[in-house]
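**Q** Next up, upload-v7.txt (compact mmCIF, C-alpha atoms and all ligand atoms).
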# COMPACT_ATOMS: atom_id res chain seq x y z
CA MET A 274 36.69 -18.58 28.50
CA ARG A 275 38.00 -20.25 25.37
CA ASP A 276 41.57 -21.54 25.28
CA GLU A 277 44.13 -19.42 23.52
CA VAL A 278 45.92 -21.02 20.58
CA SER A 279 49.67 -21.28 21.00
CA TRP A 280 52.11 -22.11 18.19
CA GLY A 281 54.85 -23.03 20.65
CA VAL A 282 58.28 -22.62 19.10
CA THR A 283 56.89 -22.91 15.55
CA ARG A 284 54.93 -20.42 13.49
CA PRO A 285 52.13 -20.91 10.97
CA MET A 286 53.17 -20.49 7.34
CA ARG A 287 49.95 -18.63 6.56
CA SER A 288 48.47 -15.66 8.47
CA PRO A 289 45.76 -17.00 10.73
CA LEU A 290 42.19 -16.12 9.79
CA LEU A 291 40.70 -14.39 12.83
CA THR A 292 36.96 -14.17 12.42
CA ALA A 293 36.22 -12.58 15.84
CA SER A 294 33.95 -9.55 15.59
CA VAL A 295 34.87 -8.38 19.10
CA TYR A 296 37.83 -8.64 21.50
CA ALA A 297 37.84 -8.94 25.30
CA MET A 298 39.86 -6.75 27.68
CA PRO A 299 40.79 -7.18 31.34
CA ASP A 300 39.63 -3.74 32.51
CA LEU A 301 38.66 -0.15 31.67
CA ASP A 302 42.25 1.10 31.85
CA THR A 303 43.25 -1.34 29.11
CA LEU A 304 40.34 -0.16 26.96
CA ASP A 305 41.54 3.44 27.34
CA ARG A 306 45.15 2.56 26.49
CA VAL A 307 44.08 0.68 23.33
CA LEU A 308 41.73 3.45 22.21
CA THR A 309 44.38 6.14 22.71
CA GLY A 310 47.03 4.10 20.91
CA GLN A 311 49.27 3.63 23.95
CA GLU A 312 48.91 -0.13 23.58
CA THR A 313 48.24 -2.30 20.59
CA GLY A 314 45.00 -4.23 20.58
CA TYR A 315 41.70 -4.73 18.87
CA ILE A 316 38.24 -3.99 20.19
CA TYR A 317 35.57 -4.21 17.51
CA ALA A 318 36.04 -5.57 13.97
CA ARG A 319 34.22 -2.69 12.29
CA ASP A 320 37.01 -0.42 13.62
CA ALA A 321 39.93 -2.78 12.93
CA HIS A 322 40.82 -6.47 12.89
CA PRO A 323 44.13 -8.31 12.43
CA ASN A 324 43.44 -9.57 8.91
CA SER A 325 42.72 -6.09 7.56
CA THR A 326 45.73 -4.64 9.39
CA SER A 327 48.01 -7.21 7.84
CA LEU A 328 46.53 -6.80 4.33
CA ALA A 329 46.68 -3.00 4.52
CA ALA A 330 50.33 -3.15 5.67
CA GLN A 331 51.26 -5.18 2.62
CA LEU A 332 49.42 -2.86 0.24
CA ASN A 333 50.99 0.17 1.93
CA ARG A 334 54.42 -1.31 1.25
CA TRP A 335 53.56 -1.93 -2.39
CA HIS A 336 52.20 1.57 -2.87
CA GLY A 337 54.74 3.42 -0.71
CA ALA A 338 51.82 4.69 1.41
CA THR A 339 52.24 5.88 4.99
CA TRP A 340 48.70 4.76 5.80
CA GLY A 341 46.07 2.56 4.21
CA LEU A 342 42.63 1.21 5.01
CA ILE A 343 40.72 -1.82 3.80
CA THR A 344 37.08 -1.31 2.88
CA GLY A 345 34.22 -3.67 2.06
CA THR A 346 34.31 -3.00 -1.73
CA GLY A 347 36.11 -0.80 -4.20
CA MET A 348 33.08 1.50 -4.18
CA SER A 349 33.36 1.91 -0.40
CA ALA A 350 37.02 2.94 -0.82
CA LEU A 351 35.89 5.59 -3.32
CA SER A 352 33.04 6.69 -1.02
CA LEU A 353 35.41 6.86 1.94
CA ALA A 354 37.90 9.02 0.06
CA PHE A 355 35.30 11.53 -1.08
CA LEU A 356 33.56 11.60 2.31
CA GLY A 357 36.92 12.43 3.88
CA LEU A 358 37.98 15.02 1.33
CA VAL A 359 34.94 17.14 0.47
CA GLN A 360 32.42 19.40 2.19
CA PRO A 361 29.13 20.79 0.86
CA GLY A 362 29.99 23.55 -1.61
CA ASP A 363 33.24 21.88 -2.72
CA ARG A 364 34.00 21.06 -6.33
CA ILE A 365 35.53 17.89 -7.77
CA VAL A 366 37.05 17.71 -11.24
CA SER A 367 36.86 14.20 -12.65
CA SER A 368 38.04 12.47 -15.76
CA ARG A 369 35.06 11.79 -18.01
CA SER A 370 36.36 8.31 -18.77
CA ILE A 371 35.60 6.46 -15.51
CA TYR A 372 33.67 3.45 -14.20
CA GLY A 373 29.90 4.05 -14.46
CA ARG A 374 29.14 3.55 -10.77
CA THR A 375 31.86 6.05 -9.83
CA ARG A 376 30.25 8.55 -12.15
CA GLN A 377 26.92 7.93 -10.36
CA LEU A 378 28.62 8.37 -6.99
CA LEU A 379 29.92 11.76 -8.11
CA ASP A 380 27.02 13.05 -10.21
CA GLN A 381 24.09 11.69 -8.23
CA GLU A 382 25.11 10.80 -4.66
CA LEU A 383 27.66 13.51 -3.83
CA ALA A 384 25.51 16.04 -5.69
CA ARG A 385 22.76 15.41 -3.07
CA PHE A 386 25.16 16.78 -0.45
CA GLY A 387 25.97 19.92 -2.40
CA VAL A 388 29.22 18.70 -3.95
CA ARG A 389 29.59 19.57 -7.63
CA THR A 390 31.57 17.50 -10.11
CA ASP A 391 32.77 18.76 -13.47
CA GLY A 392 34.00 16.27 -16.03
CA VAL A 393 37.04 16.92 -18.21
CA ASP A 394 39.12 15.03 -20.73
CA THR A 395 42.13 14.40 -18.47
CA ASN A 396 44.26 13.50 -21.50
CA ASP A 397 43.95 17.12 -22.62
CA LEU A 398 46.27 18.80 -20.10
CA ASP A 399 45.36 22.32 -21.29
CA ALA A 400 41.68 21.56 -20.68
CA VAL A 401 42.55 20.28 -17.19
CA ARG A 402 44.57 23.44 -16.48
CA ARG A 403 41.64 25.62 -17.56
CA CYS A 404 39.17 23.55 -15.56
CA LEU A 405 41.30 23.87 -12.42
CA GLN A 406 41.16 27.68 -12.60
CA GLN A 407 37.96 27.47 -10.57
CA PRO A 408 38.48 26.39 -6.93
CA THR A 409 38.73 22.61 -6.83
CA ARG A 410 39.17 20.25 -3.90
CA VAL A 411 39.90 16.98 -5.75
CA LEU A 412 41.10 15.96 -9.21
CA PHE A 413 40.01 12.36 -9.81
CA VAL A 414 41.21 10.00 -12.52
CA GLU A 415 41.68 6.28 -13.25
CA THR A 416 45.25 5.15 -14.10
CA ILE A 417 43.90 2.98 -16.94
CA SER A 418 40.32 4.00 -17.56
CA ASN A 419 37.32 1.70 -17.59
CA PRO A 420 36.52 0.63 -20.31
CA LEU A 421 38.40 2.68 -22.92
CA LEU A 422 41.83 2.16 -21.39
CA ARG A 423 42.92 5.80 -21.55
CA ILE A 424 46.14 6.30 -19.60
CA ALA A 425 46.46 9.06 -17.00
CA ASP A 426 49.63 11.17 -17.12
CA ILE A 427 49.86 11.09 -13.33
CA PRO A 428 53.04 13.21 -12.92
CA ALA A 429 51.62 15.97 -15.12
CA LEU A 430 48.19 15.81 -13.46
CA ALA A 431 49.82 15.95 -10.01
CA GLU A 432 51.65 19.11 -10.98
CA LEU A 433 48.47 20.74 -12.28
CA ALA A 434 46.42 19.65 -9.26
CA HIS A 435 48.98 20.88 -6.75
CA ALA A 436 49.41 24.21 -8.53
CA ALA A 437 45.65 24.64 -8.06
CA GLN A 438 45.76 23.49 -4.39
CA ALA A 439 43.73 20.42 -5.29
CA CYS A 440 44.39 16.86 -4.22
CA LEU A 441 45.05 14.20 -6.89
CA PHE A 442 43.12 11.00 -6.20
CA ILE A 443 43.72 7.94 -8.40
CA ASP A 444 41.67 4.79 -8.99
CA ASN A 445 44.44 2.30 -9.79
CA THR A 446 42.19 -0.77 -10.20
CA PHE A 447 43.01 -1.64 -13.83
CA ALA A 448 46.75 -1.24 -13.25
CA SER A 449 47.34 -2.66 -9.74
CA PRO A 450 50.51 -1.65 -7.86
CA LEU A 451 52.52 -4.01 -10.04
CA LEU A 452 52.05 -1.81 -13.10
CA CYS A 453 51.71 1.60 -11.46
CA ARG A 454 52.29 3.17 -8.06
CA PRO A 455 50.51 6.52 -8.29
CA LEU A 456 51.76 7.88 -4.93
CA GLU A 457 55.34 7.56 -6.20
CA LEU A 458 54.34 9.60 -9.27
CA GLY A 459 52.96 12.48 -7.21
CA ALA A 460 49.34 11.48 -6.43
CA ASP A 461 48.01 12.20 -2.95
CA LEU A 462 45.58 9.31 -2.58
CA VAL A 463 45.19 5.96 -4.30
CA MET A 464 42.46 3.34 -4.24
CA GLU A 465 42.19 -0.18 -5.57
CA SER A 466 39.20 -2.44 -5.99
CA LEU A 467 40.78 -5.55 -4.45
CA THR A 468 37.81 -7.46 -5.87
CA LYS A 469 39.62 -7.57 -9.21
CA MET A 470 43.17 -8.54 -10.16
CA ILE A 471 44.70 -8.19 -6.68
CA SER A 472 42.55 -10.89 -5.03
CA GLY A 473 42.35 -12.48 -8.44
CA HIS A 474 39.86 -15.35 -8.18
CA SER A 475 36.35 -13.80 -8.28
CA ASP A 476 35.64 -14.77 -4.68
CA VAL A 477 36.19 -11.51 -2.78
CA THR A 478 34.75 -8.00 -2.63
CA LEU A 479 37.12 -5.52 -0.98
CA GLY A 480 38.74 -2.14 -1.50
CA TYR A 481 41.85 -0.29 -0.38
CA LEU A 482 42.47 3.41 0.15
CA GLY A 483 45.99 4.66 0.89
CA GLY A 484 47.88 7.90 1.06
CA ARG A 485 50.99 9.67 2.18
CA GLU A 486 49.70 12.49 4.34
CA ALA A 487 49.59 11.00 7.82
CA THR A 488 47.09 13.58 9.11
CA LEU A 489 44.36 12.14 6.88
CA ALA A 490 44.68 8.63 8.32
CA ALA A 491 42.82 9.14 11.59
CA ARG A 492 40.02 11.05 9.88
CA MET A 493 39.57 8.36 7.22
CA GLN A 494 39.61 5.65 9.87
CA GLN A 495 36.87 7.42 11.82
CA ILE A 496 34.72 7.79 8.69
CA ARG A 497 35.20 4.13 7.79
CA SER A 498 33.94 3.11 11.25
CA ILE A 499 31.03 5.52 11.43
CA TRP A 500 29.76 4.90 7.90
CA GLY A 501 30.38 1.17 8.30
CA LEU A 502 32.67 0.76 5.30
CA SER A 503 35.13 -1.87 6.57
CA GLY A 504 35.86 -5.28 5.01
CA ASN A 505 35.50 -8.71 6.61
CA PRO A 506 38.39 -10.94 7.80
CA PHE A 507 37.81 -13.85 5.40
CA ASP A 508 37.96 -11.62 2.32
CA CYS A 509 41.15 -10.01 3.66
CA TRP A 510 42.66 -13.43 4.23
CA LEU A 511 41.75 -14.60 0.71
CA THR A 512 43.16 -11.40 -0.77
CA GLU A 513 46.48 -11.82 1.03
CA ARG A 514 46.70 -15.29 -0.44
CA GLY A 515 45.86 -13.96 -3.91
CA MET A 516 48.55 -11.30 -3.62
CA GLU A 517 51.26 -13.94 -3.36
CA THR A 518 50.71 -14.81 -7.03
CA LEU A 519 49.76 -11.37 -8.36
CA HIS A 520 53.10 -10.86 -10.11
CA LEU A 521 52.83 -14.23 -11.87
CA ARG A 522 49.19 -13.74 -12.83
CA MET A 523 49.76 -10.17 -14.01
CA GLN A 524 52.81 -11.12 -16.07
CA ALA A 525 50.99 -13.97 -17.80
CA ALA A 526 47.79 -11.98 -18.33
CA CYS A 527 49.61 -8.91 -19.74
CA ALA A 528 51.58 -11.12 -22.15
CA ASN A 529 48.36 -12.85 -23.28
CA ALA A 530 46.56 -9.51 -23.68
CA ALA A 531 49.35 -8.02 -25.81
CA ARG A 532 49.37 -11.04 -28.15
CA LEU A 533 45.58 -11.21 -28.31
CA ALA A 534 45.32 -7.52 -29.16
CA GLN A 535 47.62 -8.02 -32.16
CA TRP A 536 45.69 -11.08 -33.31
CA LEU A 537 42.29 -9.42 -32.89
CA THR A 538 43.32 -6.62 -35.25
CA THR A 539 43.47 -9.30 -37.99
CA GLN A 540 39.93 -10.61 -37.39
CA PRO A 541 37.54 -9.44 -40.11
CA ARG A 542 34.46 -8.91 -37.90
CA VAL A 543 36.37 -6.78 -35.40
CA CYS A 544 36.18 -3.12 -36.31
CA ARG A 545 38.12 -1.70 -33.35
CA VAL A 546 40.67 -3.10 -30.89
CA ILE A 547 41.54 -1.07 -27.81
CA TYR A 548 44.81 -1.92 -26.07
CA PRO A 549 47.40 0.61 -24.87
CA ASP A 550 50.27 -1.34 -26.41
CA LEU A 551 48.89 -1.03 -29.94
CA PRO A 552 50.54 1.83 -31.87
CA GLU A 553 47.10 3.20 -32.85
CA HIS A 554 46.03 3.62 -29.21
CA PRO A 555 45.85 7.36 -28.45
CA ASP A 556 48.02 6.97 -25.31
CA HIS A 557 50.49 4.46 -26.70
CA ALA A 558 53.57 6.59 -25.92
CA LEU A 559 52.28 7.53 -22.48
CA ALA A 560 51.63 3.85 -21.68
CA GLN A 561 55.20 2.96 -22.62
CA ARG A 562 56.53 5.68 -20.34
CA LEU A 563 54.21 5.22 -17.35
CA LEU A 564 53.55 1.48 -17.47
CA PRO A 565 56.95 -0.03 -18.30
CA ALA A 566 56.13 -3.36 -16.60
CA GLY A 567 53.13 -4.07 -18.84
CA ARG A 568 50.06 -2.40 -20.31
CA GLY A 569 47.55 -4.43 -18.34
CA ASN A 570 45.24 -7.37 -18.87
CA MET A 571 42.22 -5.37 -20.07
CA LEU A 572 41.36 -5.17 -23.71
CA GLY A 573 38.45 -3.81 -25.76
CA LEU A 574 37.12 -5.11 -29.05
CA GLU A 575 34.26 -3.77 -31.05
CA LEU A 576 32.19 -6.01 -33.29
CA GLU A 577 30.55 -4.80 -36.45
CA GLY A 578 26.79 -5.22 -36.10
CA GLY A 579 26.42 -3.92 -32.53
CA ARG A 580 24.32 -5.57 -29.86
CA ASP A 581 22.94 -8.43 -32.01
CA GLU A 582 26.40 -9.44 -33.11
CA VAL A 583 27.61 -9.29 -29.48
CA ASN A 584 24.75 -11.56 -28.37
CA GLN A 585 25.65 -14.12 -31.02
CA TRP A 586 29.36 -13.86 -30.22
CA LEU A 587 28.70 -14.49 -26.50
CA ARG A 588 26.65 -17.60 -27.32
CA ARG A 589 29.46 -18.92 -29.50
CA VAL A 590 32.14 -18.56 -26.78
CA PRO A 591 30.79 -20.22 -23.61
CA GLY A 592 34.41 -20.78 -22.55
CA ILE A 593 34.84 -17.01 -22.06
CA PRO A 594 32.28 -16.33 -19.32
CA PHE A 595 30.19 -13.18 -19.76
CA CYS A 596 30.28 -11.67 -16.28
CA PRO A 597 30.41 -8.03 -15.22
CA SER A 598 33.70 -8.06 -13.31
CA LEU A 599 37.39 -8.51 -14.13
CA GLY A 600 40.72 -9.78 -12.89
CA ASP A 601 40.03 -13.53 -12.66
CA THR A 602 42.68 -16.13 -13.51
CA GLN A 603 40.48 -17.12 -16.46
CA THR A 604 39.56 -14.80 -19.29
CA THR A 605 36.11 -13.27 -18.91
CA CYS A 606 34.22 -10.69 -20.89
CA SER A 607 31.79 -7.92 -20.21
CA HIS A 608 29.67 -5.46 -22.15
CA PRO A 609 30.18 -1.90 -20.87
CA ASP A 610 27.09 -0.50 -22.60
CA THR A 611 24.73 -2.75 -20.59
CA THR A 612 26.80 -3.47 -17.43
CA SER A 613 29.54 -1.19 -16.02
CA HIS A 614 28.24 1.90 -17.87
CA ARG A 615 24.56 0.95 -18.05
CA TYR A 616 23.42 4.10 -16.26
CA ASP A 617 25.59 6.59 -18.16
CA SER A 618 23.49 8.70 -20.52
CA ALA A 619 23.33 7.60 -24.15
CA ALA A 620 24.90 10.93 -25.14
CA GLU A 621 27.82 10.44 -22.74
CA LYS A 622 28.43 6.90 -23.98
CA ALA A 623 28.28 8.01 -27.60
CA ALA A 624 30.68 10.89 -26.90
CA GLN A 625 33.18 8.52 -25.33
CA GLY A 626 32.85 5.67 -27.81
CA ILE A 627 31.14 3.15 -25.53
CA THR A 628 29.14 1.55 -28.31
CA PRO A 629 26.67 -1.39 -28.27
CA GLY A 630 29.26 -3.44 -30.18
CA LEU A 631 32.03 -2.94 -27.59
CA ILE A 632 33.15 -6.01 -25.60
CA ARG A 633 35.57 -5.65 -22.69
CA LEU A 634 37.88 -8.60 -22.18
CA SER A 635 39.60 -9.27 -18.88
CA VAL A 636 42.41 -11.47 -20.09
CA GLY A 637 43.52 -14.30 -17.81
CA CYS A 638 46.45 -16.67 -17.49
CA GLU A 639 45.40 -19.55 -19.77
CA PRO A 640 47.85 -20.93 -22.34
CA PHE A 641 47.65 -18.46 -25.22
CA GLU A 642 46.73 -21.00 -27.91
CA GLN A 643 43.79 -22.26 -25.83
CA LEU A 644 42.50 -18.73 -25.40
CA GLN A 645 42.96 -17.85 -29.04
CA ALA A 646 41.10 -21.02 -30.12
CA GLU A 647 38.17 -20.22 -27.84
CA LEU A 648 37.91 -16.64 -29.07
CA ALA A 649 38.21 -17.80 -32.68
CA ARG A 650 34.96 -19.77 -32.21
CA GLY A 651 33.24 -16.46 -31.61
CA PHE A 652 34.31 -15.29 -35.07
CA GLY A 653 33.12 -18.55 -36.67
CA ASN A 654 36.72 -19.49 -37.47
CA ARG A 655 36.30 -23.06 -36.18
C1 LIG B 1 37.79 0.98 -12.26
C2 LIG B 1 36.90 0.50 -11.16
N1 LIG B 1 36.93 1.14 -9.97
C3 LIG B 1 36.15 0.75 -8.95
C4 LIG B 1 35.27 -0.32 -9.07
C5 LIG B 1 34.42 -0.72 -7.92
O1 LIG B 1 34.93 -1.85 -7.28
P1 LIG B 1 34.00 -2.87 -6.48
O2 LIG B 1 33.21 -3.62 -7.48
O3 LIG B 1 34.98 -3.71 -5.72
O4 LIG B 1 33.12 -2.05 -5.60
C6 LIG B 1 35.21 -1.01 -10.28
C7 LIG B 1 34.29 -2.14 -10.45
O5 LIG B 1 34.15 -2.72 -11.50
C8 LIG B 1 36.04 -0.58 -11.36
O6 LIG B 1 36.01 -1.19 -12.56
With the file now loaded, output its structure as structure tokens.
Ligand SMILES: Cc1ncc(COP(=O)(O)O)c(C=O)c1O
**A**
Amino acid sequence: MRDEVSWGVTRPMRSPLLTASVYAMPDLDTLDRVLTGQETGYIYARDAHPNSTSLAAQLNRWHGATWGLITGTGMSALSLAFLGLVQPGDRIVSSRSIYGRTRQLLDQELARFGVRTDGVDTNDLDAVRRCLQQPTRVLFVETISNPLLRIADIPALAELAHAAQACLFIDNTFASPLLCRPLELGADLVMESLTKMISGHSDVTLGYLGGREATLAARMQQIRSIWGLSGNPFDCWLTERGMETLHLRMQAACANAARLAQWLTTQPRVCRVIYPDLPEHPDHALAQRLLPAGRGNMLGLELEGGRDEVNQWLRRVPGIPFCPSLGDTQTTCSHPDTTSHRYDSAAEKAAQGITPGLIRLSVGCEPFEQLQAELARGFGNR
């Protein structure tokens, strides 16, 4: 029997990291009381562990959720939600502008179980209304879409979904709860890839799924355990630490992104800049209304000359790492055509405007002038 740690009359300033995968109990009666919720306790880490409980509680507060679960990745939060919501024969209506792996989850994986997904332009509310005339279980959309940064009109979509008896499920990864709290705008379920801005240092993979309807909680918890979708204690602990600075990181990164977007529009080899704060962005007004705290740290720029020009640009800016993720403290870049949307069909990418010349920047917290100077090297300005 190992000794128990005691803090005495003091308390640790940081939540302890509890790596135990299993917990011991004095007898069978205790096991029954814990399993039926009469007493608090932990049994097996795949079902629950203190670090995920504490992280979920904090995210629930931020999102105004009545329940929330931590999962091993953002994709497992998406999988968990759909596994809990749909049955064979059900239909999902999804925004067409979504992360490529989510599209594969819907179109390839869920399709194997007899769940159909129809894509729609969720910025065309009449099209959404028409699409929801057929029975629909879930309407799915990203708050700020990957990679084209379209903004979802969550209050309007919630109204349409509920009028059609569908549930509105939001991927809030690009916004984070600091910029948008979808449950407060009428959504039924929200997920975050905690891998990104919320943990914030490219050293975690985790997801979060939260909601307001308490009856869903037990079902989602059971699915998470059975399908083995939970996250590990160390990643939860790191994420809680990252969350302490999220407001500072997000503020700095949004300010940098807004200034960079303006500057990029003046660069001769850039033929398109995508940022919701720019007046030419199709959802500029919506972004001002729905994202008053900031339009996010994600930014798109398209280079004339396509893939070859992108290759040369990447080689000229080693200080902006090319890596297929986002949300680090330092600015990184990615190439949707060959990474996040690699497996989307060429026709789908062309229809959406995901071109070979498109670079996605995840803007970080560096001093602006340093960042601008590094990017300028890519344009041969220095
Ligand atoms: C918008 C969005 N949702 C979900 C995910 C999946 O998250 P994870 O990589 O943590 O599984 C990603 C990953 O890039 C994403 O960009």
**Q** Between A:Asn445, A:Asn396, A:Thr346, A:Ser635, which one has atoms that come closest to Pro555 of chain A, using all atoms listed in the file?
**A**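 Using all atoms listed in the file, the shortest distance to Pro555 of chain A belongs to A:Asn396.
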**Q** Would you mind listing what lies within 7 Å of Gly637 of chain A as a list in words, with all atoms listed in the file counted and same-chain residues fewer than 6 positions away left out?
**A**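 With the cut-off at 7 Å, the set is Ala526, Asp601, Thr602, Gln603 and Thr604 of chain A.
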**Q** Any chance you could export the current selection's C-alpha atoms as a PDB file, in the frame of the given file?
**A**
ATOM      1  CA  ALA A 526      47.790 -11.980 -18.330  1.00  0.00           C
ATOM      2  CA  ASP A 601      40.030 -13.530 -12.660  1.00  0.00           C
ATOM      3  CA  THR A 602      42.680 -16.130 -13.510  1.00  0.00           C
ATOM      4  CA  GLN A 603      40.480 -17.120 -16.460  1.00  0.00           C
ATOM      5  CA  THR A 604      39.560 -14.800 -19.290  1.00  0.00           C
TER       6      THR A 604
END
**Q** Identify which of the residues A:Ser607, A:Ser598, A:Ser368, A:Gln645 lies closest to Leu574 of chain A, counting all atoms listed in the file when measuring atom-to-atom distances.
**A**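 Of A:Ser607, A:Ser598, A:Ser368, A:Gln645, the one nearest Leu574 of chain A, counting all atoms listed in the file, is A:Ser607.
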**Q** Taking only residues of segment 617-638 of chain A that have an atom at most 9 Å from an atom of segment 419-422 of chain A, what is each one's shortest atom pair and its distance in Å to one decimal, using only C-alpha atoms, in chain and number order, as JSON lines?
**A**
{"residue": "A:Gln625", "atom": "CA", "partner": "A:Leu421", "partner_atom": "CA", "distance": 8.2}
{"residue": "A:Gly626", "atom": "CA", "partner": "A:Leu421", "partner_atom": "CA", "distance": 8.0}
{"residue": "A:Ile627", "atom": "CA", "partner": "A:Leu421", "partner_atom": "CA", "distance": 7.7}
{"residue": "A:Arg633", "atom": "CA", "partner": "A:Pro420", "partner_atom": "CA", "distance": 6.8}
**Q** Please, which residues in chain A fall within 8 Å of ligand LIG 1 (chain B) when counting only C-alpha atoms and all ligand atoms, and what is the closest atom pair and distance in Å to one decimal for each, ordered by chain then residue number, as JSON lines?
**A**
{"residue": "A:Gly345", "atom": "CA", "partner": "B:LIG1", "partner_atom": "O3", "distance": 7.8}
{"residue": "A:Thr346", "atom": "CA", "partner": "B:LIG1", "partner_atom": "O3", "distance": 4.1}
{"residue": "A:Gly347", "atom": "CA", "partner": "B:LIG1", "partner_atom": "O1", "distance": 3.5}
{"residue": "A:Met348", "atom": "CA", "partner": "B:LIG1", "partner_atom": "O4", "distance": 3.8}
{"residue": "A:Ser349", "atom": "CA", "partner": "B:LIG1", "partner_atom": "O4", "distance": 6.5}
{"residue": "A:Ala350", "atom": "CA", "partner": "B:LIG1", "partner_atom": "O4", "distance": 7.9}
{"residue": "A:Leu351", "atom": "CA", "partner": "B:LIG1", "partner_atom": "C3", "distance": 7.4}
{"residue": "A:Ile371", "atom": "CA", "partner": "B:LIG1", "partner_atom": "C1", "distance": 6.7}
{"residue": "A:Tyr372", "atom": "CA", "partner": "B:LIG1", "partner_atom": "C1", "distance": 5.2}
{"residue": "A:Arg374", "atom": "CA", "partner": "B:LIG1", "partner_atom": "C5", "distance": 7.4}
{"residue": "A:Thr375", "atom": "CA", "partner": "B:LIG1", "partner_atom": "C3", "distance": 6.9}
{"residue": "A:Glu415", "atom": "CA", "partner": "B:LIG1", "partner_atom": "C1", "distance": 6.6}
{"residue": "A:Ile417", "atom": "CA", "partner": "B:LIG1", "partner_atom": "C1", "distance": 8.0}
{"residue": "A:Ser418", "atom": "CA", "partner": "B:LIG1", "partner_atom": "C1", "distance": 6.6}
{"residue": "A:Asn419", "atom": "CA", "partner": "B:LIG1", "partner_atom": "C1", "distance": 5.4}
{"residue": "A:Pro420", "atom": "CA", "partner": "B:LIG1", "partner_atom": "O6", "distance": 8.0}
{"residue": "A:Asp444", "atom": "CA", "partner": "B:LIG1", "partner_atom": "N1", "distance": 6.1}
{"residue": "A:Asn445", "atom": "CA", "partner": "B:LIG1", "partner_atom": "C1", "distance": 7.2}
{"residue": "A:Thr446", "atom": "CA", "partner": "B:LIG1", "partner_atom": "C1", "distance": 5.2}
{"residue": "A:Phe447", "atom": "CA", "partner": "B:LIG1", "partner_atom": "C1", "distance": 6.0}
{"residue": "A:Glu465", "atom": "CA", "partner": "B:LIG1", "partner_atom": "N1", "distance": 7.0}
{"residue": "A:Ser466", "atom": "CA", "partner": "B:LIG1", "partner_atom": "O3", "distance": 4.4}
{"residue": "A:Leu467", "atom": "CA", "partner": "B:LIG1", "partner_atom": "O3", "distance": 6.2}
{"residue": "A:Thr468", "atom": "CA", "partner": "B:LIG1", "partner_atom": "O3", "distance": 4.7}
{"residue": "A:Lys469", "atom": "CA", "partner": "B:LIG1", "partner_atom": "O3", "distance": 7.0}
{"residue": "A:Thr478", "atom": "CA", "partner": "B:LIG1", "partner_atom": "O3", "distance": 5.3}
{"residue": "A:Leu479", "atom": "CA", "partner": "B:LIG1", "partner_atom": "O3", "distance": 5.5}
{"residue": "A:Gly480", "atom": "CA", "partner": "B:LIG1", "partner_atom": "O3", "distance": 5.9}
{"residue": "A:Pro597", "atom": "CA", "partner": "B:LIG1", "partner_atom": "O5", "distance": 7.5}
{"residue": "A:Ser598", "atom": "CA", "partner": "B:LIG1", "partner_atom": "O5", "distance": 5.7}
{"residue": "A:Leu599", "atom": "CA", "partner": "B:LIG1", "partner_atom": "O5", "distance": 7.1}
{"residue": "A:Ser613", "atom": "CA", "partner": "B:LIG1", "partner_atom": "O5", "distance": 6.6}
**Q** Could you check the closest approach to Pro549 of chain A for each of A:Ile443, A:Ile424, A:Leu634, A:Ala646 and tell me which residue wins, using all atoms listed in the file?
**A** A:Ile424
**Q** Interatomic distance between atom CA of Val583 of chain A and atom CA of Arg532 of chain A?
**A**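 That distance, rounded to one decimal, is 21.9 Å.
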**Q** Nearest residue to Pro541 of chain A out of A:Asp391, A:Glu639, A:Glu577, A:Asp300, using all atoms listed in the file?
**A** A:Glu577
**Q** Please indicate the distance in Å from atom CA of Thr326 of chain A to atom CA of Leu291 of chain A, rounded to one decimal place.
**A**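 These two atoms are separated by 11.5 Å.
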**Q** Considering all atoms listed in the file, can you say which of A:Ser367, A:Asn584, A:Ser327, A:Gln377 comes closest to Thr512 of chain A?
**A**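 Among the listed residues, the smallest separation from Thr512 of chain A belongs to A:Ser327.
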**Q** Between A:Leu462, A:Leu482, A:Ala437, A:Met516, which has the minimum distance to Leu502 of chain A (counting all atoms listed in the file)?
**A**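 For Leu502 of chain A, the nearest of the given residues is A:Leu482.
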**Q** Record the distance separating atom CA of Arg562 of chain A and atom CA of Glu457 of chain A, expressed in Å with one decimal.
**A**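 A separation of 14.3 Å between them.
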**Q** Set the distance at 12 Å and use all atoms listed in the file: which residues neighbour Gln331 of chain A once local chain neighbours fewer than 4 positions away are removed? I'd like the list as a list in words.
**A**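 Contacts, in chain order: Asn324, Ser325, Thr326, Ser327, Trp335, His336, Gly337, Ala338, Thr339, Trp340, Gly341, Leu342, Ile343, Pro450, Ile471, Tyr481, Gly483, Cys509, Thr512, Glu513, Arg514, Met516 and Glu517 of chain A.
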**Q** Write out as a JSON list (two decimals) with C-alpha atoms, in the coordinates of the input each polymer residue whose atoms come within 8 Å of Cys453 of chain A, counting all atoms listed in the file; drop sequence neighbours fewer than 2 positions from it.
**A**
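Written out: result_14.json:
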[["chain", "number", "residue", "atom", "x", "y", "z"],
["A", 416, "THR", "CA", 45.25, 5.15, -14.10],
["A", 445, "ASN", "CA", 44.44, 2.30, -9.79],
["A", 448, "ALA", "CA", 46.75, -1.24, -13.25],
["A", 449, "SER", "CA", 47.34, -2.66, -9.74],
["A", 450, "PRO", "CA", 50.51, -1.65, -7.86],
["A", 451, "LEU", "CA", 52.52, -4.01, -10.04],
["A", 455, "PRO", "CA", 50.51, 6.52, -8.29],
["A", 563, "LEU", "CA", 54.21, 5.22, -17.35],
["A", 564, "LEU", "CA", 53.55, 1.48, -17.47]]
**Q** Residues near Thr611 of chain A, anyone? I mean within 12 Å using only C-alpha atoms, not counting same-chain ones fewer than 4 positions away, as a VMD selection string.
**A** chain A and resid 373 580 583 to 584 595 to 597 607 615 to 619 622 627 to 633
